[in-house]
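So this one's input-v1.txt, compact mmCIF, C-alpha atoms and all ligand atoms:
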```txt
# COMPACT_ATOMS: atom_id res chain seq x y z
CA MET A 1 87.06 174.58 47.86
CA ASP A 2 84.58 174.36 50.78
CA ARG A 3 85.12 171.32 52.95
CA PRO A 4 83.60 170.33 56.27
CA VAL A 5 85.73 171.50 59.20
CA ASP A 6 85.97 167.98 60.53
CA ALA A 7 86.97 166.36 57.21
CA PRO A 8 90.09 164.28 57.70
CA SER A 9 93.27 165.37 55.93
CA LEU A 10 96.78 164.09 55.48
CA LEU A 11 100.07 165.86 56.01
CA ILE A 12 103.18 164.42 54.43
CA VAL A 13 106.55 165.55 55.77
CA LEU A 14 109.14 165.38 53.00
CA GLU A 15 112.79 164.62 53.62
CA ALA A 16 114.93 167.72 54.18
CA GLY A 17 116.62 168.91 50.99
CA LEU A 18 114.49 166.69 48.75
CA ALA A 19 115.01 167.55 45.06
CA SER A 20 112.00 169.21 43.44
CA THR A 21 111.74 166.42 40.84
CA PHE A 22 111.12 163.89 43.65
CA ARG A 23 108.62 166.20 45.26
CA ARG A 24 106.80 166.52 41.94
CA ARG A 25 106.74 162.76 41.52
CA ILE A 26 105.17 162.23 44.98
CA ARG A 27 102.64 164.96 44.32
CA ASP A 28 101.67 163.51 40.92
CA ARG A 29 101.22 160.09 42.41
CA LEU A 30 98.94 161.39 45.16
CA GLU A 31 96.90 163.43 42.68
CA SER A 32 96.56 160.42 40.39
CA LEU A 33 94.82 158.74 43.34
CA GLY A 34 92.13 161.43 43.24
CA THR A 35 93.33 163.82 45.95
CA GLN A 36 94.17 167.53 45.97
CA VAL A 37 97.71 168.36 47.06
CA SER A 38 99.25 171.67 48.13
CA VAL A 39 102.88 172.30 49.02
CA LEU A 40 103.61 174.04 52.32
CA ASP A 41 107.00 175.41 53.39
CA GLY A 42 108.32 175.70 56.89
CA GLN A 43 111.57 175.51 58.78
CA GLY A 44 113.61 174.74 55.70
CA ARG A 45 111.59 171.81 54.49
CA ASN A 46 108.50 171.02 52.45
CA TYR A 47 105.23 169.43 53.48
CA LEU A 48 102.41 168.19 51.31
CA GLN A 49 98.89 168.81 52.50
CA VAL A 50 96.58 166.21 50.98
CA GLU A 51 92.80 166.65 50.90
CA GLY A 52 89.83 165.04 49.24
CA ASP A 53 89.23 161.30 49.34
CA ILE A 54 92.21 160.29 51.46
CA GLU A 55 90.61 157.15 52.93
CA PRO A 56 92.16 154.74 50.36
CA LEU A 57 95.57 156.19 51.27
CA ARG A 58 95.37 154.90 54.83
CA THR A 59 96.27 151.43 53.68
CA LEU A 60 99.28 152.51 51.59
CA ALA A 61 102.77 152.37 53.09
CA LEU A 62 103.29 156.10 52.52
CA ASP A 63 106.15 156.30 55.01
CA SER A 64 108.21 153.99 52.84
CA TRP A 65 107.79 156.09 49.67
CA LYS A 66 111.11 157.50 48.54
CA GLY A 67 111.46 161.10 49.77
CA VAL A 68 108.77 160.81 52.49
CA GLU A 69 109.96 161.25 56.06
CA LYS A 70 106.57 160.58 57.58
CA SER A 71 102.86 160.85 56.97
CA VAL A 72 100.31 162.09 59.51
CA PHE A 73 96.58 161.55 59.16
CA ILE A 74 94.55 164.29 60.84
CA GLY A 75 91.00 163.37 61.81
CA GLU A 76 89.21 160.09 62.18
CA ALA A 77 88.57 157.48 59.54
CA HIS A 78 85.02 156.92 60.80
CA ARG A 79 83.24 159.82 59.18
CA HIS A 80 79.61 158.80 59.43
CA GLY A 81 79.82 157.81 63.09
CA SER A 82 81.95 160.79 64.15
CA ARG A 83 80.48 163.54 66.22
CA VAL A 84 80.16 166.71 64.23
CA ASP A 85 79.99 169.02 67.22
CA SER A 86 79.98 168.60 70.95
CA GLY A 87 76.20 168.66 71.27
CA THR A 88 75.23 166.05 68.72
CA HIS A 89 73.79 162.70 69.71
CA SER A 90 71.57 160.69 67.44
CA ARG A 91 68.51 158.69 68.39
CA VAL A 92 67.64 155.29 67.06
CA SER A 93 64.01 154.21 67.15
CA VAL A 94 63.12 150.58 67.74
CA GLY A 95 59.36 150.54 67.32
CA ASP A 96 58.15 153.04 69.90
CA VAL A 97 61.32 152.74 72.01
CA THR A 98 64.03 155.35 71.51
CA LEU A 99 67.72 154.77 72.18
CA GLY A 100 70.16 157.65 72.60
CA ALA A 101 69.87 161.36 73.31
CA GLY A 102 69.20 161.02 77.02
CA GLU A 103 66.73 158.14 76.89
CA PHE A 104 67.51 155.03 78.92
CA VAL A 105 66.59 151.58 77.66
CA ILE A 106 66.79 148.12 79.18
CA ILE A 107 66.93 145.03 77.00
CA ALA A 108 66.45 141.80 78.94
CA GLY A 109 65.80 138.12 78.39
CA PRO A 110 67.55 134.78 78.19
CA CYS A 111 70.76 134.19 76.28
CA ALA A 112 68.98 131.73 74.01
CA VAL A 113 65.33 131.05 73.29
CA GLU A 114 64.56 127.68 74.85
CA GLU A 115 61.16 126.01 75.15
CA GLU A 116 58.17 128.20 74.36
CA GLU A 117 56.51 128.23 77.75
CA ARG A 118 59.66 129.30 79.54
CA THR A 119 60.41 131.99 76.97
CA LEU A 120 56.92 133.49 77.20
CA ARG A 121 57.09 133.41 80.99
CA LEU A 122 60.44 135.20 80.96
CA ALA A 123 59.17 137.79 78.49
CA ALA A 124 56.15 138.55 80.68
CA SER A 125 58.36 138.72 83.75
CA VAL A 126 60.97 141.15 82.37
CA ALA A 127 58.18 143.27 80.86
CA SER A 128 56.51 143.68 84.22
CA SER A 129 59.86 144.49 85.83
CA GLY A 130 60.42 147.41 83.48
CA ALA A 131 62.35 146.09 80.46
CA HIS A 132 61.71 147.98 77.23
CA LEU A 133 62.79 145.25 74.79
CA PHE A 134 62.97 141.46 75.02
CA ARG A 135 66.06 139.56 73.89
CA GLY A 136 66.68 135.91 73.07
CA GLY A 137 69.04 134.17 70.67
CA ALA A 138 67.60 131.99 67.91
CA PHE A 139 70.90 131.39 66.12
CA LYS A 140 73.71 131.15 68.66
CA PRO A 141 77.36 131.74 67.74
CA ARG A 142 78.88 129.15 70.07
CA THR A 143 82.59 128.67 70.52
CA SER A 144 82.13 124.91 70.22
CA PRO A 145 80.24 123.42 67.27
CA TYR A 146 79.00 120.77 69.71
CA ALA A 147 77.33 123.28 72.05
CA PHE A 148 73.64 124.24 71.73
CA GLN A 149 73.32 126.28 68.54
CA GLY A 150 69.86 127.73 69.18
CA LEU A 151 66.42 126.62 68.04
CA GLY A 152 66.68 128.58 64.77
CA ASP A 153 63.41 129.23 62.92
CA LYS A 154 61.37 127.69 65.73
CA ALA A 155 62.86 130.27 68.11
CA LEU A 156 61.85 133.08 65.75
CA GLN A 157 58.23 131.89 65.97
CA ILE A 158 58.44 131.84 69.77
CA LEU A 159 59.88 135.35 69.80
CA SER A 160 57.05 136.61 67.60
CA ARG A 161 54.61 135.14 70.09
CA ALA A 162 56.48 136.84 72.95
CA ARG A 163 56.03 140.18 71.20
CA GLU A 164 52.32 139.52 70.65
CA GLU A 165 51.82 138.66 74.32
CA THR A 166 53.94 141.38 75.94
CA GLY A 167 54.10 144.17 73.37
CA LEU A 168 57.88 144.29 73.82
CA GLY A 169 60.04 144.70 70.71
CA ILE A 170 62.37 141.79 69.96
CA VAL A 171 66.18 141.77 69.92
CA THR A 172 67.86 138.73 68.42
CA GLU A 173 71.19 137.92 66.84
CA ILE A 174 71.83 137.60 63.12
CA MET A 175 74.91 135.77 61.87
CA ASP A 176 74.29 135.16 58.20
CA PRO A 177 73.81 137.96 55.63
CA ARG A 178 71.34 135.69 53.79
CA ASP A 179 69.01 135.79 56.81
CA VAL A 180 68.38 139.54 56.87
CA GLU A 181 64.96 139.44 55.23
CA LYS A 182 63.73 136.46 57.21
CA MET A 183 64.92 137.79 60.55
CA SER A 184 63.60 141.28 59.98
CA GLU A 185 60.10 139.81 60.12
CA THR A 186 60.67 138.92 63.77
CA ALA A 187 63.42 141.20 65.04
CA ASP A 188 62.80 144.85 65.84
CA LEU A 189 66.51 145.23 66.59
CA LEU A 190 69.05 142.93 64.96
CA GLN A 191 72.04 142.09 67.12
CA VAL A 192 75.45 141.58 65.54
CA GLY A 193 77.39 139.63 68.13
CA SER A 194 80.94 140.08 69.29
CA ARG A 195 82.21 137.28 67.07
CA ASN A 196 80.56 138.84 64.03
CA MET A 197 81.77 142.40 64.51
CA HIS A 198 84.30 141.57 61.78
CA ASN A 199 81.78 139.83 59.52
CA TYR A 200 82.01 142.53 56.86
CA SER A 201 79.61 140.83 54.43
CA LEU A 202 76.98 140.90 57.17
CA LEU A 203 77.74 144.52 58.08
CA LYS A 204 77.51 145.59 54.43
CA GLU A 205 74.23 143.75 53.97
CA LEU A 206 72.78 145.48 57.04
CA GLY A 207 74.09 148.78 55.68
CA MET A 208 71.79 148.36 52.71
CA THR A 209 68.73 148.25 54.96
CA ARG A 210 67.25 150.74 57.41
CA LEU A 211 66.85 148.12 60.14
CA PRO A 212 68.06 149.07 63.63
CA VAL A 213 71.29 147.22 64.39
CA LEU A 214 72.84 146.51 67.80
CA LEU A 215 76.54 146.13 67.08
CA LYS A 216 78.51 144.44 69.85
CA ARG A 217 82.20 145.11 70.29
CA GLY A 218 84.52 142.33 69.21
CA PHE A 219 86.04 140.96 72.40
CA SER A 220 89.54 141.77 71.22
CA SER A 221 88.76 144.97 69.34
CA THR A 222 89.96 148.51 69.94
CA ALA A 223 87.57 151.46 70.00
CA GLU A 224 88.86 152.41 66.57
CA GLU A 225 88.13 148.97 65.10
CA PHE A 226 84.70 149.02 66.72
CA LEU A 227 83.86 152.39 65.18
CA LEU A 228 85.12 151.29 61.78
CA ALA A 229 82.89 148.21 61.94
CA ALA A 230 79.94 150.56 62.62
CA GLU A 231 81.13 152.60 59.66
CA TYR A 232 80.47 149.63 57.36
CA ILE A 233 76.78 149.85 58.25
CA LEU A 234 76.56 153.64 58.35
CA SER A 235 78.41 154.23 55.09
CA GLY A 236 76.00 151.87 53.33
CA GLY A 237 73.24 154.33 54.20
CA ASN A 238 71.78 152.80 57.37
CA PRO A 239 71.99 155.37 60.21
CA ASN A 240 70.29 153.11 62.77
CA VAL A 241 73.28 151.76 64.66
CA ILE A 242 73.59 151.26 68.43
CA LEU A 243 76.96 150.29 69.89
CA CYS A 244 77.30 147.79 72.74
CA GLU A 245 80.31 147.26 75.01
CA ARG A 246 80.26 143.61 76.20
CA GLY A 247 83.64 143.07 77.78
CA ILE A 248 87.03 142.34 76.33
CA ARG A 249 89.29 139.37 76.73
CA CYS A 250 92.02 139.61 79.33
CA ALA A 251 93.96 136.59 80.53
CA ALA A 252 94.46 138.06 84.00
CA ALA A 253 90.78 138.74 84.69
CA SER A 254 88.23 136.53 86.42
CA ARG A 255 86.84 134.25 83.73
CA GLN A 256 89.07 136.07 81.22
CA VAL A 257 86.73 138.99 80.69
CA VAL A 258 86.92 142.67 81.66
CA LEU A 259 84.01 145.04 81.15
CA ASP A 260 85.69 148.07 79.61
CA LEU A 261 83.65 150.88 81.12
CA GLY A 262 86.26 153.43 80.08
CA ILE A 263 85.20 152.99 76.48
CA ILE A 264 81.77 154.52 77.22
CA PRO A 265 82.96 158.12 77.68
CA GLU A 266 85.46 157.56 74.88
CA LEU A 267 82.77 156.46 72.43
CA LYS A 268 80.50 159.28 73.58
CA LYS A 269 83.26 161.72 72.73
CA LYS A 270 84.04 160.18 69.36
CA THR A 271 80.61 159.28 68.03
CA HIS A 272 77.04 160.48 68.07
CA LEU A 273 75.71 156.89 68.14
CA PRO A 274 73.86 155.52 71.20
CA VAL A 275 76.10 153.34 73.36
CA ILE A 276 74.77 150.60 75.63
CA VAL A 277 76.49 148.06 77.89
CA ASP A 278 76.04 144.32 78.32
CA PRO A 279 77.11 143.65 81.91
CA SER A 280 76.17 139.97 81.58
CA HIS A 281 78.81 138.91 79.06
CA GLY A 282 81.06 141.56 80.60
CA SER A 283 80.82 139.88 84.02
CA ALA A 284 80.49 136.20 83.13
CA GLU A 285 79.29 135.55 86.70
CA SER A 286 75.82 136.58 87.80
CA TYR A 287 76.93 137.91 91.20
CA ARG A 288 79.01 140.58 89.43
CA VAL A 289 76.23 141.70 87.08
CA PRO A 290 74.23 144.12 89.32
CA ALA A 291 77.33 146.06 90.41
CA LEU A 292 78.64 146.40 86.86
CA ALA A 293 75.18 147.24 85.50
CA LYS A 294 74.96 150.13 87.96
CA ALA A 295 78.50 151.25 87.15
CA ALA A 296 77.66 151.22 83.44
CA VAL A 297 74.71 153.55 83.99
CA ALA A 298 76.90 155.79 86.14
CA VAL A 299 79.46 156.23 83.36
CA GLY A 300 76.78 157.28 80.91
CA ALA A 301 75.50 154.20 79.08
CA ASP A 302 72.30 154.85 77.11
CA GLY A 303 70.98 151.46 78.08
CA LEU A 304 71.77 147.93 79.19
CA LEU A 305 71.42 144.43 77.84
CA VAL A 306 70.91 141.94 80.67
CA GLU A 307 70.53 138.16 80.51
CA VAL A 308 67.77 136.73 82.67
CA HIS A 309 66.82 133.08 83.20
CA ASP A 310 64.46 131.46 85.68
CA GLN A 311 66.60 128.35 86.12
CA PRO A 312 70.15 129.44 85.34
CA GLU A 313 71.59 126.07 86.32
CA GLU A 314 69.55 124.45 83.54
CA ALA A 315 70.11 127.12 80.89
CA LEU A 316 71.39 125.83 77.56
CA SER A 317 73.79 128.76 77.25
CA ASP A 318 75.31 131.38 79.55
CA GLY A 319 73.42 130.25 82.67
CA ARG A 320 76.29 131.23 84.92
CA GLN A 321 75.89 134.91 84.13
CA ALA A 322 72.07 135.06 84.09
CA LEU A 323 70.16 137.03 86.72
CA SER A 324 67.04 135.44 88.13
CA PRO A 325 63.78 137.28 87.33
CA GLU A 326 63.70 138.39 90.96
CA GLU A 327 67.24 139.78 90.87
CA PHE A 328 66.41 141.62 87.66
CA LYS A 329 63.26 143.08 89.17
CA ASN A 330 65.19 144.40 92.16
CA LEU A 331 67.90 145.89 89.97
CA VAL A 332 65.66 147.98 87.70
CA PRO A 333 64.65 150.71 90.20
CA GLU A 334 68.30 151.11 91.23
CA LEU A 335 69.30 151.61 87.61
CA LYS A 336 66.52 154.15 87.25
CA SER A 337 67.74 156.14 90.25
CA ILE A 338 71.31 156.19 88.99
CA HIS A 339 70.23 157.26 85.53
CA GLN A 340 68.23 160.12 86.98
CA ILE A 341 71.27 161.35 88.89
CA VAL A 342 73.56 160.99 85.88
CA SER A 343 71.12 162.75 83.58
CA GLY A 344 70.91 165.68 85.98
CA GLY A 345 67.58 164.70 87.48
CA GLN A 346 65.82 165.08 84.16
CA HIS A 347 62.54 163.31 83.75
CA VAL A 348 62.92 159.81 82.31
CA LYS A 349 60.42 159.85 79.50
CA GLN A 350 59.97 156.27 78.50
CA GLU A 351 57.44 154.18 80.26
CA GLY A 352 58.59 151.18 82.19
CA LEU A 353 61.35 152.94 84.06
CA ILE A 354 58.92 155.51 85.35
CA SER A 355 56.45 153.02 86.70
CA ALA A 356 58.92 150.45 87.87
CA PRO A 357 61.70 152.12 87.44
CA GLY A 358 74.14 125.81 80.85
CA GLY A 359 76.83 126.14 78.58
CA GLU A 360 79.20 129.05 78.70
CA ASP A 361 81.04 131.11 76.17
CA ILE A 362 83.25 134.02 77.08
C1 LIG B 1 74.74 137.08 73.42
O1 LIG B 1 74.29 138.24 73.48
O2 LIG B 1 74.15 136.09 73.87
C2 LIG B 1 76.09 136.87 72.86
C3 LIG B 1 76.45 135.72 72.29
O3 LIG B 1 76.85 137.95 73.04
P1 LIG B 1 78.35 138.25 72.55
O4 LIG B 1 78.27 138.29 71.06
O5 LIG B 1 78.65 139.58 73.17
O6 LIG B 1 79.24 137.14 73.06
MN MN B 2 74.69 135.00 75.98
```
Write-out of the structure in structure tokens:
Amino acid sequence: MDRPVDAPSLLIVLEAGLASTFRRRIRDRLESLGTQVSVLDGQGRNYLQVEGDIEPLRTLALDSWKGVEKSVFIGEAHRHGSRVDSGTHSRVSVGDVTLGAGEFVIIAGPCAVEEEERTLRLAASVASSGAHLFRGGAFKPRTSPYAFQGLGDKALQILSRAREETGLGIVTEIMDPRDVEKMSETADLLQVGSRNMHNYSLLKELGMTRLPVLLKRGFSSTAEEFLLAAEYILSGGNPNVILCERGIRCAAASRQVVLDLGIIPELKKKTHLPVIVDPSHGSAESYRVPALAKAAVAVGADGLLVEVHDQPEEALSDGRQALSPEEFKNLVPELKSIHQIVSGGQHVKQEGLISAPGGEDI
């Protein structure tokens, strides 16, 4: 039977001297689960090589089956997001902006949409500084139910106006699977926040669309869990997934957050999906953001998500980590230079980089 070279398989090491009736029983059980099993011999013992749809077997306690010494899964569980060969990187289009495959994209804006005038001013400011997409939360997943929860539908209207005025595509967070249709009218890129990386109903719902999704890493999630969350969207048939590292929780770190830059090369090795970095939530303090933003570009991020606010001390959420419009403007050409070095001096195609190059949650 032809099978892709990277298809995962399962090897089961049987106990030495296992009676053939036991071996037959294990084999029958595996085949009844829809797999193909062959018996291999070596060094005086038997092995079972299991192929076909082995994914459901990952959750079984195979090692405790009578006669099984151990089971070894070969290959990754995340099939749709896995790289097929060393040269493959996919692109995700958000309107006329492309993420992945050597392009470099900056998403910028306030944590939350606040009053209209301020939001439009910020959108115009980040656009003129070289941002490619404008962000702002309408529905905020706050740690405390008493903290500002976002302006909701009113914020969506303001974001639509920001797009009309600046031409920038809109990035905003979705929390509820029932909101997909409504939010897709405003959002060009739907963000799934760190707290919702495990919201499987939401991921499945987004998998049934073709909408571009920015999936943020759960702040206590491993790379494997992150990729499997992406797999929920990809396996539903939606290939338009962008991953975002946003810092992980660490009790010993300043403000309990560490930006895990090491995951960027790891994800690039394991998946073809574009990978961006959010140095704002990954820093939690604005003075650390420029340094970590530059480091993120240096380790190969395909883009950045940066929070910007014109009066951080008055911001209704995440003011402490927001760059001022001026700081953002100064940072963009530096990011551009670093990206050009990292990409081997290749021309940066997308406009923007060429021309110019409150409350707190963790
Ligand atoms: C945000 O982007 O404002 C946000 C809430 O991010 P995270 O989900 O990474 O905490
Ligand atoms: Mn925020």
Inset, instruction - Please write as a PyMOL selection string the list of polymer residues whose atoms come within 10 Å of (88.5, 140.4, 79.0), counting all atoms listed in the file and keeping to the coordinates of the file. - result: chain A and resi 219-220+246-260+281-284+362
Would you save the residues of that selection, restricted to C-alpha atoms, as a compact mmCIF listing (two decimals), in the coordinates of the input?
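Output below, filename result-v1.txt:
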```txt
# COMPACT_ATOMS: atom_id res chain seq x y z
CA PHE A 219 86.04 140.96 72.40
CA SER A 220 89.54 141.77 71.22
CA ARG A 246 80.26 143.61 76.20
CA GLY A 247 83.64 143.07 77.78
CA ILE A 248 87.03 142.34 76.33
CA ARG A 249 89.29 139.37 76.73
CA CYS A 250 92.02 139.61 79.33
CA ALA A 251 93.96 136.59 80.53
CA ALA A 252 94.46 138.06 84.00
CA ALA A 253 90.78 138.74 84.69
CA SER A 254 88.23 136.53 86.42
CA ARG A 255 86.84 134.25 83.73
CA GLN A 256 89.07 136.07 81.22
CA VAL A 257 86.73 138.99 80.69
CA VAL A 258 86.92 142.67 81.66
CA LEU A 259 84.01 145.04 81.15
CA ASP A 260 85.69 148.07 79.61
CA HIS A 281 78.81 138.91 79.06
CA GLY A 282 81.06 141.56 80.60
CA SER A 283 80.82 139.88 84.02
CA ALA A 284 80.49 136.20 83.13
CA ILE A 362 83.25 134.02 77.08
```
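Around ligand MN 2 (chain B), using only C-alpha atoms and all ligand atoms and a cut-off of 8 Å, the residues in contact are Pro110, Cys111, Ala112, Gly137, Ser280, His281, Glu307, Ser317, Asp318, Glu360 and Asp361 of chain A.
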Legend entry - Residue with smallest distance to A:Phe226 - pool A:Leu168, A:Leu214, A:Met197, A:Leu57, counting all atoms listed in the file: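 Smallest separation from A:Phe226 among the options: A:Met197.
Minimum atom-to-atom distances from A:Ser343, A:Asn238, A:Ser337, A:Ser221 to A:Ala301 were compared using all atoms listed in the file, and the lowest value belongs to A:Ser343.
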Legend entry - Local residues around (70.8, 141.6, 83.2), at most 12 Å away, using only C-alpha atoms, as a ChimeraX atom specification: /A:106-111,126,129-131,134-135,246,277-294,296,303-309,318-332,335
Legend entry - A:Val275, A:Leu156, A:Ala223, A:Val68 ranked by distance to A:Phe22, top pick (using only C-alpha atoms):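 With only C-alpha atoms as the atom set, the closest residue is A:Val68.
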Legend entry - Atomic separation - atom CA of A:Thr186 relative to atom CA of A:Gly237, Å: 22.1 Å
Inset, instruction - Would you mind listing what lies within 10 Å of A:His132 as number ranges by chain, with all atoms listed in the file counted and same-chain residues fewer than 5 positions away left out? - result: A: 94, 96-98, 104-108, 126-127, 167-170, 303, 350-353
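The two atoms in question, atom CA of A:Asp179 and atom CA of A:Arg121, are spaced 27.1 Å apart.
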Inset, instruction - One decimal, Å: what's the distance from atom CA of A:Ser32 over to atom CA of A:Gly236, could you say? - result: 25.8 Å
Legend entry - Who sits within 9 Å of stretch 73-76 of chain A, all atoms listed in the file, same chain under 3 positions skipped, as an MDAnalysis selection string: chainID A and resid 6:12 54 58 79 82 224 270
Legend entry - Top pick for closest residue to ligand LIG 1 (chain B), considering A:Glu114, A:Glu185, A:Glu15, A:Glu245 and counting all atoms listed in the file: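 For ligand LIG 1 (chain B), the nearest of the candidates is A:Glu245.
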Inset, instruction - For each of A:Leu267, A:Met175, A:Leu203, A:Val241, take the minimum atom-to-atom distance to ligand LIG 1 (chain B), counting only C-alpha atoms and all ligand atoms, then give the residue where this is smallest. - result: A:Met175
Inset, instruction - May I ask which of the residues A:Leu40, A:Ile276, A:Cys244, A:Met208 is the closest one to ligand LIG 1 (chain B), counting all atoms listed in the file? - result: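 Ranking A:Leu40, A:Ile276, A:Cys244, A:Met208 by distance to ligand LIG 1 (chain B), first place goes to A:Cys244.
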Around stretch 145-154 of chain A, fit a box with edges along x, y and z, padding it by 5 Å on each side, then list its centre and edge lengths in Å to one decimal as AutoDock Vina command-line options.
```
--center_x 70.8 --center_y 125.0 --center_z 67.5 --size_x 28.9 --size_y 18.5 --size_z 19.1
```
